[in-house]
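Asker: First the structure, then my questions, so here it is.
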Amino acid sequence: MKKILIFGIMLCILTTTFCANVAVPTFADTNTLDLQSKSVCLMDVSSGQVLYAKNEKEHLPVASMVKMMTILLTLEEIDAGNLALDTMITTSENASGMGGSQVFIDPYVEYSAEDLLRSVIMASANDASVALAEHISGNEKTFAIKMNNRAEQLGMQDTNYVNCTGLPAPEQYSSAKDSALLLKEVSSHDLYHKYSTVWMDELVHPSGRKTELVNTNRLIKYYEGCNGGKTGSTNEAGCCLSASAKRNNMNLISVVVGAKNSQMRFNEASMLFNYGFANFESKTLVDSKVVTKNLPVTKGKIEKVDIYASEDFAVVSKKGAKSGYEVEFELPENIKAPLKSGDSVGKAIISQDGVVKKEIDLIVKEDLEKLSLKDCFDRIVEAW
């Protein structure tokens, strides 16, 4: 009996250890991928669903993939009106002296925010990253605090930033899943794709000197549908890649951390994409462009109005399988004027297996003016 008990305990330990180190897809699948990288994650952009993962929450150095947060904060500064593409930024000696991948910016001269941003997105430039960080926050250390605050807001629970470049730092780490969440947010900015999809360009320095910009993400050129991403490579992190690709109506993010060489990261990211596009399909449950319902308007100048969802909602499921999601629309029998375009009049409640996953406002897309006494009189005359 004692031997049987010991054998059982050992079997449990071995099983737990084994399961912790194999790829575990969110959707049960016996056809697991033979991936050699330390950590991977395949995510659907629309829903945020993880379709395939291996050690996706492990704390690892991710090299220049850190710059995705630098890119995001710069894009958000532009959205907020605090920075414009034609804003001229004076570079420091500290920024121009950064090692690693760079575009060799000169110190104490002015570059446009656009030139620095596209240098980071395309060429993974450390010097341009620091120049942007110093302009936005005064110095890189303060900018790193801003990076961590934003990571927390995005639910990136396995990330800690020390610098804006991804250069080796003992306390800096992230994870494959967090990197996917980050690229998901970055990809929501149209301006990002203006540069992320360019294969080759050049940076003209204030002196007239030129630096060739080549996109470090080779999948932009060689993988059908690839529309963005960020590479990273250091001795500490190995070769890393976070990339996005869209085919038909499905947009996926593929993250590889700790590949043994550059070719492996591109191969395994492509394998993840191939797996996702071959085995899954996106289903739009709520479409903001389609009329949800046409409702009567009481005391309004118009008698009926179309109701729309304020945003889309899509889920990914195995091809041919049911998604398990249900949508319920909560709306009144009629609505009362006045209302302004964008006002909420109900909700779309999305649930899975009885658990509410999301609520979306149902809105009017036009102003509804209240019926005046003159309007009432005119209607009486018409009816007469």
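A note on labels: chains of the structure tokens are A, B, ... as shown, every chain counts residues from 1, and ligands are counted from 1 in their shown order.
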Identify all residues of region 71-101 of chain A in helix (DSSP H, G or I) (DSSP on the backbone) and supply them as a PyMOL selection string.
Answerer: chain A and resi 71-79+93-96
Asker: When you look at Ala131 (chain A) with a cut-off of 12 Å (counting only C-alpha atoms), what residues show up, excluding the ones that are within fewer than 4 positions of it in the same chain? I need them as a PyMOL selection string.
Answerer: chain A and resi 70+74+88-98+102-117+119-120+125-127+135-140+143+164-165
Asker: Tell me, in Å to one decimal, how far CA of Asp86 (chain A) is from CA of Ala151 (chain A).
Answerer: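 Computing the Euclidean distance for CA of Asp86 (chain A) and CA of Ala151 (chain A) yields 27.3 Å.
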Asker: For Val40 (chain A), please output as a PyMOL selection string all residues within 7 Å (counting only C-alpha atoms; exclusion window: fewer than 5 positions along the same chain).
Answerer: chain A and resi 53-56+176+255-257
Asker: With 6 Å as the cut-off and only C-alpha atoms counted, what is the closest atom pair between each nearby residue of region 178-204 of chain A and region 213-224 of chain A? Distances in Å to one decimal, ordered by chain and number, as a tab-separated table.
Answerer:
residue	atom	partner	partner_atom	distance
A:Trp199	CA	A:Asn215	CA	5.1
A:Met200	CA	A:Val214	CA	4.6
A:Asp201	CA	A:Leu213	CA	4.9
A:Glu202	CA	A:Leu213	CA	4.9
Asker: For each of A:Leu371, A:Val290, A:Lys347, A:Val130, take the minimum atom-to-atom distance to Glu303 (chain A), counting only C-alpha atoms, then give the residue where this is smallest.
Answerer: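 Comparing A:Leu371, A:Val290, A:Lys347, A:Val130 against Glu303 (chain A), the winner is A:Leu371.
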Asker: At a cut-off of 12 Å, using only C-alpha atoms, what residues contact Lys357 (chain A)? Leave out same-chain residues fewer than 4 positions from it and give the result as a ChimeraX atom specification.
Answerer: /A:47,313-315,324-328,348-353
Asker: Mind writing the picked residues with N, CA and C atoms as a tab-separated table (two decimals), in the first residue's frame?
Answerer:
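As written to disk, out08.tsv reads:
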chain	number	residue	atom	x	y	z
A	47	SER	N	-11.73	39.60	-30.48
A	47	SER	CA	-12.28	39.13	-29.21
A	47	SER	C	-11.26	39.06	-28.08
A	313	PHE	N	-18.95	43.29	-32.16
A	313	PHE	CA	-18.45	42.24	-31.29
A	313	PHE	C	-18.39	40.95	-32.10
A	314	ALA	N	-17.20	40.36	-32.13
A	314	ALA	CA	-17.00	39.12	-32.87
A	314	ALA	C	-16.29	38.11	-31.98
A	315	VAL	N	-16.52	36.85	-32.24
A	315	VAL	CA	-15.84	35.78	-31.51
A	315	VAL	C	-15.25	34.81	-32.53
A	324	GLY	N	-21.10	29.06	-28.83
A	324	GLY	CA	-21.52	29.00	-27.43
A	324	GLY	C	-21.95	30.34	-26.88
A	325	TYR	N	-21.94	31.38	-27.74
A	325	TYR	CA	-22.34	32.73	-27.31
A	325	TYR	C	-23.80	32.99	-27.68
A	326	GLU	N	-24.45	33.81	-26.87
A	326	GLU	CA	-25.81	34.25	-27.15
A	326	GLU	C	-25.89	35.75	-26.97
A	327	VAL	N	-26.73	36.39	-27.78
A	327	VAL	CA	-26.91	37.85	-27.71
A	327	VAL	C	-28.38	38.15	-27.42
A	328	GLU	N	-28.59	38.97	-26.40
A	328	GLU	CA	-29.94	39.40	-26.04
A	328	GLU	C	-30.00	40.92	-26.11
A	348	ALA	N	-27.07	45.57	-25.69
A	348	ALA	CA	-26.91	44.22	-26.22
A	348	ALA	C	-26.10	43.45	-25.18
A	349	ILE	N	-26.67	42.38	-24.66
A	349	ILE	CA	-26.00	41.61	-23.61
A	349	ILE	C	-25.49	40.30	-24.22
A	350	ILE	N	-24.17	40.14	-24.17
A	350	ILE	CA	-23.53	38.97	-24.77
A	350	ILE	C	-23.09	38.03	-23.66
A	351	SER	N	-23.54	36.80	-23.74
A	351	SER	CA	-23.21	35.82	-22.70
A	351	SER	C	-22.72	34.53	-23.32
A	352	GLN	N	-21.95	33.81	-22.54
A	352	GLN	CA	-21.45	32.50	-22.95
A	352	GLN	C	-21.74	31.51	-21.83
A	353	ASP	N	-22.47	30.46	-22.14
A	353	ASP	CA	-22.84	29.44	-21.15
A	353	ASP	C	-23.49	30.08	-19.92
Asker: Nearest to Ser317 (chain A): which of A:Met264, A:Ser101, A:Gly232, A:Val50 is it, counting only C-alpha atoms?
Answerer: A:Val50
Asker: Looking at only C-alpha atoms, which of A:Leu51, A:Ala245, A:Ala309, A:Val286 is the one that sits closest to Lys177 (chain A)?
Answerer: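 Once distances to Lys177 (chain A) are computed over only C-alpha atoms, the minimum belongs to A:Leu51.
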